[in-house]
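Down below is the structure, laid out as structure tokens.
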Amino acid sequence: MIASSFWLPPDISTHGSTIDLIIEYVHWFMAALFVVWGAYFLYCLVRFREGANPQATYRDTKAKPSKVAEVVVIIVEAILLVGFSIPVWAYYRSEPPGADKNPLVVRVVAQQFAWNIHYPGPDGKFGKSKPELVDESLNPIGLVDGEEDANAADDYVSVNIFHMPKDRDVLVRLSSKDVIHSFAVPLLRVKQDAIPGMEIPIWFKAEKTNEDAQEIMKRSFDLPASPEGDDAETFVKENRLRVTMAKYGSIETGSTISMEDLKTLSDANVTSIEMAPGYPVNIQCAQLCGLGHYRMKGQMKIYEPADYEEWVSTRDDDEFFDEDEFDDE
Amino acid sequence: MSSDHHAHNPGFISKYVFSVDHKVIGVQYTITSLLFLFFGFTLMMIMRWQLAYPGESIPLVGGWLGQYLVDNNGVLLPEGYNALGAMHGTIMVFLGVVPLAVGGFGNYVMPLQIGAPDMAFPKLNMASYWVYFLGGVTMLSSFFVPGGAANSGWTAYPPLSDIANTVGTHPFWNGQTIWLLAMVLLITSSLLGSVNFIVTIVHLRVKGLTMFRLPFFVWAQFVTSFLLLLAFPPLEAAGVLQLMDRVFDTSFFIPSGLVVSGVVQDQYSGGGSPLLWQHLFWFLAHPEVYVLILPAIGIVGEIIANNTRRPLWGYKTLVYSVIFLGFMSFVVWAHHMFLTGMGTKMSTFFQTTTMIISIPSVVILTAMLLSLWQASIRFTVPMLFALSFLPMFAIGGLTGLPLGLSAADIQLHDTYYVIGHFHYVVAPGTIMALLGGIYFWFPKVTGRKMSTMLGHLHFWPSFIFMNTIFFPMFMVGLAGVSRRLWDQTEYVQGVDVQSWVRMSSWGAWGLGLAQLPFIINFFYSAFAGKKVGANPWNATTLEWAAPSPPPHGNFAEVPVAYRGPYEYSVPDAKEDFHPQHVPDSQVV
């Protein structure tokens, strides 16, 4: 059985399948128990209703099947625990990729309500940061300048966009500068609280790029019967986070559908289109962090290794994320 | 029994308001907590509008919710959503379910079931109720202070809760500070109550009522009281520490170098630990889960024994399981904290204890199910509620397994899956059982029976809507939607599951409507229901030996317990039930 049967989002990480497997096994186990209990329960309700069995039996029921059931529960839980959960956790939490694996090391500093992604630059060393240097628009993590700390000179900070290559270990040192947040990337099967005063390491490796993820997540959508009216407006609103996966007449691949586009498509007699999320690999905050918790979202940009190197060589200034672009592109 | 109990003739105020009679206090607790339950649920019905129809004006009530909750168009604000969420959780747990299960049922039923004239410390009992009442009023008052009610979740994690409600508000009369004060009062109330319960159960049992002749409900209350007594003090201390952080800028939970909205928080010296709060909080809040469940399991046991007309299966097994559950509930708390940076050793310990604690829960459920075998089941209204508890509590318990396995928890933690899981335990589980308990003991309290027809009109829609609300949450959570989002359609996963979210919302509003027959039934039957005698259900435990309603002092003559609590369908007997207080000579 594939994981998607359990409504999980697609998994694009190397470790995620082990987590999905546990979720899947434990749900089969739960379902089996519930069906057995449920069938027995319903049978009793019918068979031993007052009308069918006016005289109850006083002596205790011999309960051998229930003892067997309890032993089975204990054994299955032990297997799930020792065979799956503990080893997966040990891998996930206890064995950070060493220097031999050449991991991409990145600091993530969470704040209300954004993700600051701090790259060490070509020297591979992070510059110092100081709380008193924090400037929300120019220097969100309070990085010192290159004169004070040479390591900081080539550092690079991206807000809300996490650039990374696929097929390479990524080691994130996660912290927060204000309250507790939680760095959650459902498609990478990653979730970790970001706690002020602590720097917690997490690591993961992507097997697929954003484009691969879009391929997996693309679906066909029937266009509303009329390009105007409530249905059309609902369609545009509900799909504002999706983009087209093919060229439809004058509408380019990768476009978000507008009311105008619906008219164009209707004129060209297109009745359904293929779309996928514009930003398939999103970062959510999973821990209540204040009034903007719901909009504390970032996105992963996972590249082919060569494309990542190209991004590294072409980036020039600290990149600040334009939320309008995220919503509309 | 001493005669002064009967000579005692108090005025109205001391009889019905500042009463020391456990029955009056039990009724006070029951009515107050039912009002809080409905109020807390109403908050959620408002939130469900924003989730189902994000950004649209709230119908009916949107206009008068006030500036801290809604904007000028009656759309719920994000901070308003957070405030309603925090207050929903707090009210349902600390002002609704616990006071109903322990303060209401425990106070009323437990002394009767052990044949006592009252609680061991009647004045302490009265103090417990009034401190609870004060705590409730304090909590509600926070809706009206500048900045509105607490909005940092019912778990109140610092540093968020330390810095929340501080800008543009009164330094003291603001949401989070009032929340802390109210919590201190509520915890104090629980502590007063738990001491009283333990002493009463140990000392005031009638002659012949050995510990292993106690009704299962009394055992459940006994273990619950120990949980309250031992688990609440750490949270009381933590609450006071957080109060110090907020009011006097101490740094118990504030680390160094905090920068909030670009402002360095140099009023704090720093060096504190945000995780310390989480440990103290969950050291209470996990046993608290069993404080919510155990009385409900006790009630279900009583109702099942009575309506299956046979002894509860494995009485001693049940008792040992409940005791074991109580112990274990103190060593599982950090499974709420797997993702706070925990290493393998810690997570192995806590997931192992979590798997172990599932075993007695399975045993309890199995025993309840085995009680149905070769029974003669009467589908009375309380029995319907008790039976519905079994599968829904099973769903709640089973869905705890993937959350208790730390690796699976990586994906499911802080998603709607968690919300579905614990609500199945507490709402379709515990609350359904408590409602069943009201139908069961109503004749004892009022001398009148509740209407069966209205009971069915209450039960069936409630059962259906409970599942309509909570089952879709598992799918929403698996899809990767975080909890506590004001607008989950900000994420594409949230858009995909919007139809499930709407289903939950409509279920919630349906559940609200489904309580109307109950409210009508409750008041109508209290005054005009069919009159009944002392023992309308042909039950065996001692509360049914007292008149309905029991007078001050409870029993006409002090009962003696001759046997265990569930002697139903004894072979060769005149009747199919042997009450505990009737001597052998009269039953065989």
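Ligands are numbered from 1 in the order shown, residues from 1 within each chain, and chains are lettered A, B, ... in the order they appear in the structure tokens.
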(message) Counting only C-alpha atoms, a student should be able to say which residues of chain B come within 6 Å of chain A; what is the right answer, written as a ChimeraX atom specification?
(response) /B:78-79,159-160,255,257-260,262,310,339-340,344,374-378,398,405,407-408,410-411,414,478-480,482,485-486,569-570
Would you save the residues of that selection, restricted to N, CA and C atoms, as a JSON list (two decimals), in the first residue's frame?
[["chain", "number", "residue", "atom", "x", "y", "z"],
["B", 78, "PRO", "N", -7.15, 37.54, 13.46],
["B", 78, "PRO", "CA", -6.22, 36.46, 13.85],
["B", 78, "PRO", "C", -5.99, 36.41, 15.36],
["B", 79, "GLU", "N", -5.80, 37.59, 15.99],
["B", 79, "GLU", "CA", -5.58, 37.58, 17.44],
["B", 79, "GLU", "C", -6.86, 37.17, 18.17],
["B", 159, "PRO", "N", 8.37, 31.86, 25.45],
["B", 159, "PRO", "CA", 8.26, 33.27, 25.78],
["B", 159, "PRO", "C", 7.01, 33.96, 25.23],
["B", 160, "LEU", "N", 6.26, 33.29, 24.32],
["B", 160, "LEU", "CA", 5.10, 33.97, 23.76],
["B", 160, "LEU", "C", 4.17, 34.48, 24.85],
["B", 255, "PRO", "N", 15.06, 33.34, 27.85],
["B", 255, "PRO", "CA", 16.49, 33.17, 27.59],
["B", 255, "PRO", "C", 17.13, 34.53, 27.28],
["B", 257, "GLY", "N", 19.15, 37.41, 25.09],
["B", 257, "GLY", "CA", 19.25, 37.85, 23.70],
["B", 257, "GLY", "C", 17.95, 37.85, 22.92],
["B", 258, "LEU", "N", 16.82, 37.97, 23.62],
["B", 258, "LEU", "CA", 15.54, 37.96, 22.92],
["B", 258, "LEU", "C", 15.31, 39.28, 22.21],
["B", 259, "VAL", "N", 14.89, 39.20, 20.94],
["B", 259, "VAL", "CA", 14.55, 40.40, 20.17],
["B", 259, "VAL", "C", 13.14, 40.22, 19.62],
["B", 260, "VAL", "N", 12.22, 41.04, 20.10],
["B", 260, "VAL", "CA", 10.83, 40.90, 19.66],
["B", 260, "VAL", "C", 10.45, 42.12, 18.84],
["B", 262, "GLY", "N", 11.98, 43.56, 16.55],
["B", 262, "GLY", "CA", 13.11, 44.47, 16.40],
["B", 262, "GLY", "C", 13.56, 45.15, 17.68],
["B", 310, "ARG", "N", -25.55, -7.92, 34.64],
["B", 310, "ARG", "CA", -24.59, -8.93, 35.08],
["B", 310, "ARG", "C", -23.39, -8.19, 35.68],
["B", 339, "LEU", "N", 9.49, 17.00, 19.87],
["B", 339, "LEU", "CA", 10.14, 17.85, 18.87],
["B", 339, "LEU", "C", 10.77, 19.10, 19.46],
["B", 340, "THR", "N", 11.12, 19.04, 20.74],
["B", 340, "THR", "CA", 11.78, 20.19, 21.34],
["B", 340, "THR", "C", 13.30, 20.00, 21.35],
["B", 344, "THR", "N", 17.91, 10.60, 21.51],
["B", 344, "THR", "CA", 17.37, 9.25, 21.39],
["B", 344, "THR", "C", 17.06, 8.61, 22.74],
["B", 374, "GLN", "N", -23.05, -12.48, 26.95],
["B", 374, "GLN", "CA", -24.08, -13.18, 27.74],
["B", 374, "GLN", "C", -24.81, -12.25, 28.70],
["B", 375, "ALA", "N", -24.89, -10.97, 28.32],
["B", 375, "ALA", "CA", -25.63, -10.01, 29.12],
["B", 375, "ALA", "C", -27.08, -9.98, 28.66],
["B", 376, "SER", "N", -27.89, -9.15, 29.33],
["B", 376, "SER", "CA", -29.25, -8.92, 28.88],
["B", 376, "SER", "C", -29.37, -7.40, 28.76],
["B", 377, "ILE", "N", -29.01, -6.91, 27.58],
["B", 377, "ILE", "CA", -28.73, -5.47, 27.45],
["B", 377, "ILE", "C", -30.01, -4.66, 27.33],
["B", 378, "ARG", "N", -30.15, -3.66, 28.21],
["B", 378, "ARG", "CA", -31.26, -2.72, 28.12],
["B", 378, "ARG", "C", -30.76, -1.43, 27.49],
["B", 398, "LEU", "N", -6.61, 4.70, 20.16],
["B", 398, "LEU", "CA", -5.79, 4.12, 19.09],
["B", 398, "LEU", "C", -5.02, 5.19, 18.34],
["B", 405, "LEU", "N", 4.56, 7.25, 19.11],
["B", 405, "LEU", "CA", 5.81, 6.76, 18.49],
["B", 405, "LEU", "C", 6.50, 7.99, 17.92],
["B", 407, "ALA", "N", 8.87, 8.74, 15.98],
["B", 407, "ALA", "CA", 9.19, 8.92, 14.56],
["B", 407, "ALA", "C", 7.95, 9.31, 13.77],
["B", 408, "ALA", "N", 6.82, 8.64, 14.04],
["B", 408, "ALA", "CA", 5.59, 9.01, 13.35],
["B", 408, "ALA", "C", 5.13, 10.40, 13.76],
["B", 410, "ILE", "N", 6.86, 12.95, 14.12],
["B", 410, "ILE", "CA", 7.53, 14.01, 13.36],
["B", 410, "ILE", "C", 6.55, 14.60, 12.34],
["B", 411, "GLN", "N", 5.82, 13.74, 11.67],
["B", 411, "GLN", "CA", 4.90, 14.23, 10.65],
["B", 411, "GLN", "C", 3.58, 14.71, 11.26],
["B", 414, "ASP", "N", 1.50, 18.54, 16.19],
["B", 414, "ASP", "CA", 0.97, 19.89, 15.95],
["B", 414, "ASP", "C", 0.16, 20.02, 14.66],
["B", 478, "LEU", "N", -3.29, 14.40, 8.51],
["B", 478, "LEU", "CA", -2.38, 13.60, 7.68],
["B", 478, "LEU", "C", -1.94, 14.39, 6.45],
["B", 479, "ALA", "N", -2.84, 15.22, 5.94],
["B", 479, "ALA", "CA", -2.49, 16.02, 4.76],
["B", 479, "ALA", "C", -1.43, 17.07, 5.09],
["B", 480, "GLY", "N", -1.15, 17.28, 6.37],
["B", 480, "GLY", "CA", -0.05, 18.18, 6.74],
["B", 480, "GLY", "C", -0.49, 19.58, 7.10],
["B", 482, "SER", "N", -1.15, 22.34, 9.75],
["B", 482, "SER", "CA", -0.84, 22.64, 11.15],
["B", 482, "SER", "C", -2.10, 23.07, 11.89],
["B", 485, "LEU", "N", -4.13, 27.48, 12.97],
["B", 485, "LEU", "CA", -4.00, 28.44, 11.88],
["B", 485, "LEU", "C", -5.31, 29.19, 11.74],
["B", 486, "TRP", "N", -5.24, 30.50, 11.69],
["B", 486, "TRP", "CA", -6.44, 31.33, 11.51],
["B", 486, "TRP", "C", -7.04, 31.05, 10.14],
["B", 569, "SER", "N", -28.23, -10.69, 38.48],
["B", 569, "SER", "CA", -28.56, -12.00, 37.91],
["B", 569, "SER", "C", -27.88, -13.14, 38.65],
["B", 570, "VAL", "N", -27.87, -13.06, 39.98],
["B", 570, "VAL", "CA", -27.34, -14.18, 40.77],
["B", 570, "VAL", "C", -28.31, -15.36, 40.62]]
(request) Name the residues in contact with Gln488 (chain B) at a cut-off of 9 Å, using only C-alpha atoms, excluding same-chain residues fewer than 3 positions from it; report them as a PyMOL selection string. (result) (chain A and resi 294-295) or (chain B and resi 51+54+481-485+491-495+498)
Save out the residues we just selected, C-alpha atoms, as a compact mmCIF listing (two decimals), in the first residue's frame.
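The result, stored in again.txt:
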# COMPACT_ATOMS: atom_id res chain seq x y z
CA TYR A 294 -1.05 31.36 10.08
CA ARG A 295 0.98 33.40 7.59
CA LEU B 51 -12.11 27.98 9.38
CA PRO B 54 -12.06 32.27 5.92
CA VAL B 481 -2.20 21.08 7.94
CA SER B 482 -0.84 22.64 11.15
CA ARG B 483 -3.18 23.34 14.03
CA ARG B 484 -4.06 26.82 15.32
CA LEU B 485 -4.00 28.44 11.88
CA TYR B 491 -1.31 26.68 2.28
CA VAL B 492 -2.16 24.57 -0.69
CA GLN B 493 -2.62 21.50 1.55
CA GLY B 494 -5.23 23.50 3.46
CA VAL B 495 -7.08 24.37 0.28
CA GLN B 498 -11.29 22.58 2.73
(message) Just the number, please: distance in Å from CA of Val199 (chain B) to CA of Val184 (chain B), one decimal.
(response) 23.1 Å
(request) Taking the chain letters and numbering used in this document, name the residues of region 44-278 of chain A that DSSP puts in strand (DSSP E or B), as a PyMOL selection string. (result) chain A and resi 49+104-111+114-119+129+135+139+143+156-159+161-165+169-176+181-185+190-194+200-206+219-222+242-244+248+251+272-277
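Comparing A:Met164, A:Val170, A:Val36, A:Val236 by their smallest distance to Val312 (chain A), the closest is A:Met164 (using only C-alpha atoms).
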(request) Tell me which protein, DNA and RNA residues are within 9 Å of region 260-272 of chain A, counting only C-alpha atoms, leaving out same-chain ones fewer than 5 positions away, and put them as JSON, numbers by chain. (result) {"A": [220, 221, 222, 223, 224, 225, 226, 227, 228, 232, 236, 248, 249, 250, 251]}
Residue selection dump (N, CA, C and O atoms) as a short mmCIF file (atom, residue, chain, number, x, y, z; two decimals), in the first residue's frame:
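And here is the file that came out, result_11.cif:
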data_model
loop_
_atom_site.label_atom_id
_atom_site.label_comp_id
_atom_site.auth_asym_id
_atom_site.auth_seq_id
_atom_site.Cartn_x
_atom_site.Cartn_y
_atom_site.Cartn_z
N SER A 220 -5.51 17.35 -12.78
CA SER A 220 -6.35 17.98 -13.79
C SER A 220 -7.53 18.66 -13.10
O SER A 220 -8.13 18.08 -12.19
N PHE A 221 -7.82 19.88 -13.48
CA PHE A 221 -8.93 20.62 -12.88
C PHE A 221 -9.94 20.98 -13.96
O PHE A 221 -9.57 21.55 -14.99
N ASP A 222 -11.21 20.66 -13.71
CA ASP A 222 -12.25 21.08 -14.65
C ASP A 222 -12.51 22.56 -14.45
O ASP A 222 -12.68 23.02 -13.32
N LEU A 223 -12.54 23.27 -15.56
CA LEU A 223 -12.81 24.71 -15.47
C LEU A 223 -14.30 24.93 -15.22
O LEU A 223 -15.13 24.12 -15.63
N PRO A 224 -14.65 26.04 -14.55
CA PRO A 224 -16.07 26.31 -14.33
C PRO A 224 -16.80 26.50 -15.66
O PRO A 224 -16.19 26.92 -16.65
N ALA A 225 -18.09 26.16 -15.67
CA ALA A 225 -18.86 26.18 -16.91
C ALA A 225 -18.86 27.58 -17.52
O ALA A 225 -18.75 27.73 -18.74
N SER A 226 -18.97 28.59 -16.67
CA SER A 226 -18.96 29.95 -17.18
C SER A 226 -17.72 30.68 -16.67
O SER A 226 -17.33 30.50 -15.52
N PRO A 227 -17.06 31.47 -17.50
CA PRO A 227 -15.87 32.19 -17.04
C PRO A 227 -16.20 33.38 -16.15
O PRO A 227 -15.32 34.10 -15.71
N GLU A 228 -17.48 33.61 -15.90
CA GLU A 228 -17.89 34.69 -15.01
C GLU A 228 -18.79 34.13 -13.92
O GLU A 228 -19.28 33.01 -14.01
N ALA A 232 -16.76 30.87 -11.05
CA ALA A 232 -15.48 31.27 -11.63
C ALA A 232 -14.62 31.97 -10.58
O ALA A 232 -13.42 31.71 -10.45
N VAL A 236 -10.94 30.76 -9.12
CA VAL A 236 -9.71 31.58 -9.11
C VAL A 236 -9.15 31.68 -7.70
O VAL A 236 -7.95 31.53 -7.46
N TYR A 248 -1.43 26.73 -22.40
CA TYR A 248 -2.79 26.66 -22.94
C TYR A 248 -3.02 27.92 -23.76
O TYR A 248 -3.28 29.00 -23.22
N GLY A 249 -2.87 27.82 -25.07
CA GLY A 249 -3.03 28.99 -25.94
C GLY A 249 -2.01 30.05 -25.56
O GLY A 249 -0.80 29.79 -25.50
N SER A 250 -2.52 31.23 -25.22
CA SER A 250 -1.61 32.33 -24.89
C SER A 250 -1.16 32.28 -23.43
O SER A 250 -0.36 33.08 -22.98
N ILE A 251 -1.72 31.32 -22.66
CA ILE A 251 -1.35 31.26 -21.25
C ILE A 251 -0.14 30.36 -21.06
O ILE A 251 -0.16 29.16 -21.38
#
Can you tell me which residues surround region 154-157 of chain B at a distance of at most 6 Å, considering only C-alpha atoms, apart from same-chain residues fewer than 2 positions away, and format the answer as a PDB file with all heavy atoms, in the first residue's frame?
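Result file follows (out_14.pdb):
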ATOM      1  N   ALA B  86      -7.479  29.803  22.802  1.00  0.00           N
ATOM      2  CA  ALA B  86      -6.897  29.626  24.138  1.00  0.00           C
ATOM      3  C   ALA B  86      -7.998  29.473  25.175  1.00  0.00           C
ATOM      4  O   ALA B  86      -7.933  28.609  26.061  1.00  0.00           O
ATOM      5  CB  ALA B  86      -6.010  30.822  24.489  1.00  0.00           C
ATOM      6  N   GLY B  89      -9.925  26.018  24.966  1.00  0.00           N
ATOM      7  CA  GLY B  89      -9.207  24.912  25.608  1.00  0.00           C
ATOM      8  C   GLY B  89      -9.249  25.023  27.113  1.00  0.00           C
ATOM      9  O   GLY B  89      -9.554  24.052  27.824  1.00  0.00           O
ATOM     10  N   THR B  90      -8.946  26.205  27.614  1.00  0.00           N
ATOM     11  CA  THR B  90      -8.904  26.397  29.061  1.00  0.00           C
ATOM     12  C   THR B  90     -10.270  26.145  29.699  1.00  0.00           C
ATOM     13  O   THR B  90     -10.382  25.448  30.706  1.00  0.00           O
ATOM     14  CB  THR B  90      -8.465  27.845  29.369  1.00  0.00           C
ATOM     15  OG1 THR B  90      -7.251  28.116  28.680  1.00  0.00           O
ATOM     16  CG2 THR B  90      -8.267  28.046  30.847  1.00  0.00           C
ATOM     17  N   SER B 152      -2.463  32.964  23.947  1.00  0.00           N
ATOM     18  CA  SER B 152      -1.241  32.184  23.717  1.00  0.00           C
ATOM     19  C   SER B 152      -1.474  30.682  23.833  1.00  0.00           C
ATOM     20  O   SER B 152      -0.562  29.936  24.152  1.00  0.00           O
ATOM     21  CB  SER B 152      -0.155  32.616  24.700  1.00  0.00           C
ATOM     22  OG  SER B 152       0.079  33.995  24.565  1.00  0.00           O
ATOM     23  N   SER B 161       3.864  33.598  25.822  1.00  0.00           N
ATOM     24  CA  SER B 161       2.914  33.983  26.859  1.00  0.00           C
ATOM     25  C   SER B 161       3.510  35.034  27.798  1.00  0.00           C
ATOM     26  O   SER B 161       2.777  35.822  28.394  1.00  0.00           O
ATOM     27  CB  SER B 161       2.496  32.749  27.656  1.00  0.00           C
ATOM     28  OG  SER B 161       3.646  32.112  28.180  1.00  0.00           O
TER      29      SER B 161
END
(request) Go through region 117-318 of chain A and collect every residue that DSSP, computed from the backbone, puts in helix (DSSP H, G or I); the answer should be as a VMD selection string. (result) chain A and resid 131 to 133 150 to 152 186 to 188 210 to 217 230 to 238 259 to 267 293 to 295 305 to 314
(message) Ranking B:Asn307, B:Ser19, B:Asn535, B:Gln278 by minimum distance to Ala238 (chain B) and counting only C-alpha atoms, which one comes first?
(response)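 Answer, going by the shortest atom-to-atom distance: B:Gln278.
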(message) Using only C-alpha atoms for the distances, tell me which of B:Pro579, B:Trp460, B:Pro559, B:Leu401 is nearest to Trp28 (chain A).
(response)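 Looking only at the distances to Trp28 (chain A), the closest residue turns out to be B:Leu401.
Computed from the coordinates, the CA of Met300 (chain A) to CA of Phe204 (chain A) distance equals 12.7 Å.
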(message) What's around Leu294 (chain B) at 9 Å? Count only C-alpha atoms, leave out sequence neighbours fewer than 4 positions away in its own chain, and write the answer as an MDAnalysis selection string.
(response) chainID B and resid 101 217 220:221 223:224 289:290 298:299 322 430
Long-range neighbours of region 462-469 of chain B as an mmCIF file with N, CA and C atoms, in the first residue's frame, 9 Å cut-off, only C-alpha atoms, 4 positions minimum in chain:
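Written output follows (result.cif):
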data_model
loop_
_atom_site.group_PDB
_atom_site.id
_atom_site.type_symbol
_atom_site.label_atom_id
_atom_site.label_comp_id
_atom_site.auth_asym_id
_atom_site.auth_seq_id
_atom_site.Cartn_x
_atom_site.Cartn_y
_atom_site.Cartn_z
ATOM 1 N N PHE B 385 -25.517 6.312 25.786
ATOM 2 C CA PHE B 385 -24.339 7.162 25.925
ATOM 3 C C PHE B 385 -23.124 6.341 26.346
ATOM 4 N N SER B 388 -21.851 4.292 23.434
ATOM 5 C CA SER B 388 -21.190 5.089 22.395
ATOM 6 C C SER B 388 -19.794 5.501 22.847
ATOM 7 N N MET B 392 -15.850 5.222 20.508
ATOM 8 C CA MET B 392 -15.242 6.543 20.280
ATOM 9 C C MET B 392 -14.005 6.739 21.158
ATOM 10 N N GLY B 420 -7.839 15.882 16.448
ATOM 11 C CA GLY B 420 -8.810 14.798 16.329
ATOM 12 C C GLY B 420 -8.609 13.765 17.428
ATOM 13 N N TYR B 424 -11.344 13.045 20.435
ATOM 14 C CA TYR B 424 -12.048 11.757 20.507
ATOM 15 C C TYR B 424 -12.007 11.201 21.931
ATOM 16 N N ALA B 427 -14.039 14.583 24.053
ATOM 17 C CA ALA B 427 -15.407 15.006 23.708
ATOM 18 C C ALA B 427 -16.322 13.820 23.393
ATOM 19 N N PRO B 428 -16.112 13.119 22.269
ATOM 20 C CA PRO B 428 -16.995 11.975 22.040
ATOM 21 C C PRO B 428 -16.795 10.899 23.110
ATOM 22 N N MET B 432 -19.531 12.422 26.295
ATOM 23 C CA MET B 432 -20.680 11.532 26.087
ATOM 24 C C MET B 432 -20.929 10.703 27.347
ATOM 25 N N LEU B 457 -33.651 12.036 21.115
ATOM 26 C CA LEU B 457 -33.434 13.187 20.227
ATOM 27 C C LEU B 457 -32.116 13.880 20.530
ATOM 28 N N HIS B 458 -31.626 13.701 21.744
ATOM 29 C CA HIS B 458 -30.345 14.273 22.128
ATOM 30 C C HIS B 458 -29.204 13.350 21.718
ATOM 31 N N MET B 473 -10.843 15.443 10.921
ATOM 32 C CA MET B 473 -9.589 16.060 11.370
ATOM 33 C C MET B 473 -8.386 15.138 11.151
ATOM 34 N N VAL B 501 -12.809 20.383 6.188
ATOM 35 C CA VAL B 501 -12.878 21.410 7.230
ATOM 36 C C VAL B 501 -14.311 21.921 7.366
ATOM 37 N N MET B 503 -16.970 20.284 6.629
ATOM 38 C CA MET B 503 -17.775 19.219 7.232
ATOM 39 C C MET B 503 -17.671 19.286 8.761
ATOM 40 N N SER B 504 -16.447 19.476 9.274
ATOM 41 C CA SER B 504 -16.271 19.613 10.720
ATOM 42 C C SER B 504 -17.093 20.775 11.256
ATOM 43 N N SER B 505 -17.057 21.898 10.536
ATOM 44 C CA SER B 505 -17.757 23.086 11.018
ATOM 45 C C SER B 505 -19.263 22.860 11.075
ATOM 46 N N TRP B 506 -19.813 22.312 10.000
ATOM 47 C CA TRP B 506 -21.252 22.055 10.008
ATOM 48 C C TRP B 506 -21.605 21.046 11.083
ATOM 49 N N GLY B 507 -20.728 20.088 11.314
ATOM 50 C CA GLY B 507 -20.941 19.140 12.408
ATOM 51 C C GLY B 507 -21.002 19.853 13.744
ATOM 52 N N ALA B 508 -20.121 20.836 13.928
ATOM 53 C CA ALA B 508 -20.087 21.562 15.207
ATOM 54 C C ALA B 508 -21.382 22.337 15.427
ATOM 55 N N TRP B 509 -21.851 22.984 14.370
ATOM 56 C CA TRP B 509 -23.093 23.743 14.540
ATOM 57 C C TRP B 509 -24.261 22.787 14.758
ATOM 58 N N GLY B 510 -24.217 21.638 14.071
ATOM 59 C CA GLY B 510 -25.258 20.627 14.297
ATOM 60 C C GLY B 510 -25.232 20.131 15.735
ATOM 61 N N LEU B 511 -24.033 19.926 16.268
ATOM 62 C CA LEU B 511 -23.913 19.451 17.650
ATOM 63 C C LEU B 511 -24.490 20.484 18.615
ATOM 64 N N GLY B 512 -24.276 21.762 18.301
ATOM 65 C CA GLY B 512 -24.855 22.826 19.125
ATOM 66 C C GLY B 512 -26.372 22.710 19.165
ATOM 67 N N ALA B 514 -28.124 20.099 18.556
ATOM 68 C CA ALA B 514 -28.518 18.821 19.148
ATOM 69 C C ALA B 514 -28.567 18.891 20.674
ATOM 70 N N GLN B 515 -28.026 19.959 21.269
ATOM 71 C CA GLN B 515 -28.085 20.072 22.728
ATOM 72 C C GLN B 515 -29.413 20.679 23.202
#
(request) Identify, on the basis of only C-alpha atoms, every residue whose closest approach to Ile117 (chain A) does not exceed 9 Å; exclude the query and any residue fewer than 3 positions from it along the same chain; express the result as a list in words. (result) Val106, Arg107, Val108, Val109, Ala110, Tyr156, Val157, Ser158, Val159, Asn160, Ile161, Phe162 and His163 of chain A
Selection above as a file: C-alpha atoms, as a short mmCIF file (atom, residue, chain, number, x, y, z; two decimals), in the first residue's frame:
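Contents of the output file selection19.cif:
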data_model
loop_
_atom_site.label_atom_id
_atom_site.label_comp_id
_atom_site.auth_asym_id
_atom_site.auth_seq_id
_atom_site.Cartn_x
_atom_site.Cartn_y
_atom_site.Cartn_z
CA VAL A 106 22.66 26.56 7.14
CA ARG A 107 21.37 28.49 10.15
CA VAL A 108 17.65 29.12 10.31
CA VAL A 109 16.56 31.87 12.67
CA ALA A 110 12.81 31.98 13.14
CA TYR A 156 24.15 35.63 2.90
CA VAL A 157 20.67 35.89 4.40
CA SER A 158 17.54 34.90 2.57
CA VAL A 159 14.14 35.59 4.06
CA ASN A 160 11.47 32.92 3.70
CA ILE A 161 13.14 31.20 0.74
CA PHE A 162 15.31 28.22 1.54
CA HIS A 163 17.53 27.44 -1.44
#
(request) Choose the residue, out of A:Glu95, A:Asp155, A:Asp167, A:Glu147, that has the smallest atom-to-atom separation from Thr14 (chain A); count only C-alpha atoms. (result) A:Asp167
(request) Could you please determine the separation between CA of Asp162 (chain B) and CA of Asn72 (chain B) in Å, to one decimal place? (result)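 Separating CA of Asp162 (chain B) from CA of Asn72 (chain B) is a distance of 29.0 Å.
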(request) For each of A:Ala206, A:Met275, A:Val243, A:Leu143, take the minimum atom-to-atom distance to Arg219 (chain A), counting only C-alpha atoms, then give the residue where this is smallest. (result)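 Looking only at the distances to Arg219 (chain A), the closest residue turns out to be A:Met275.
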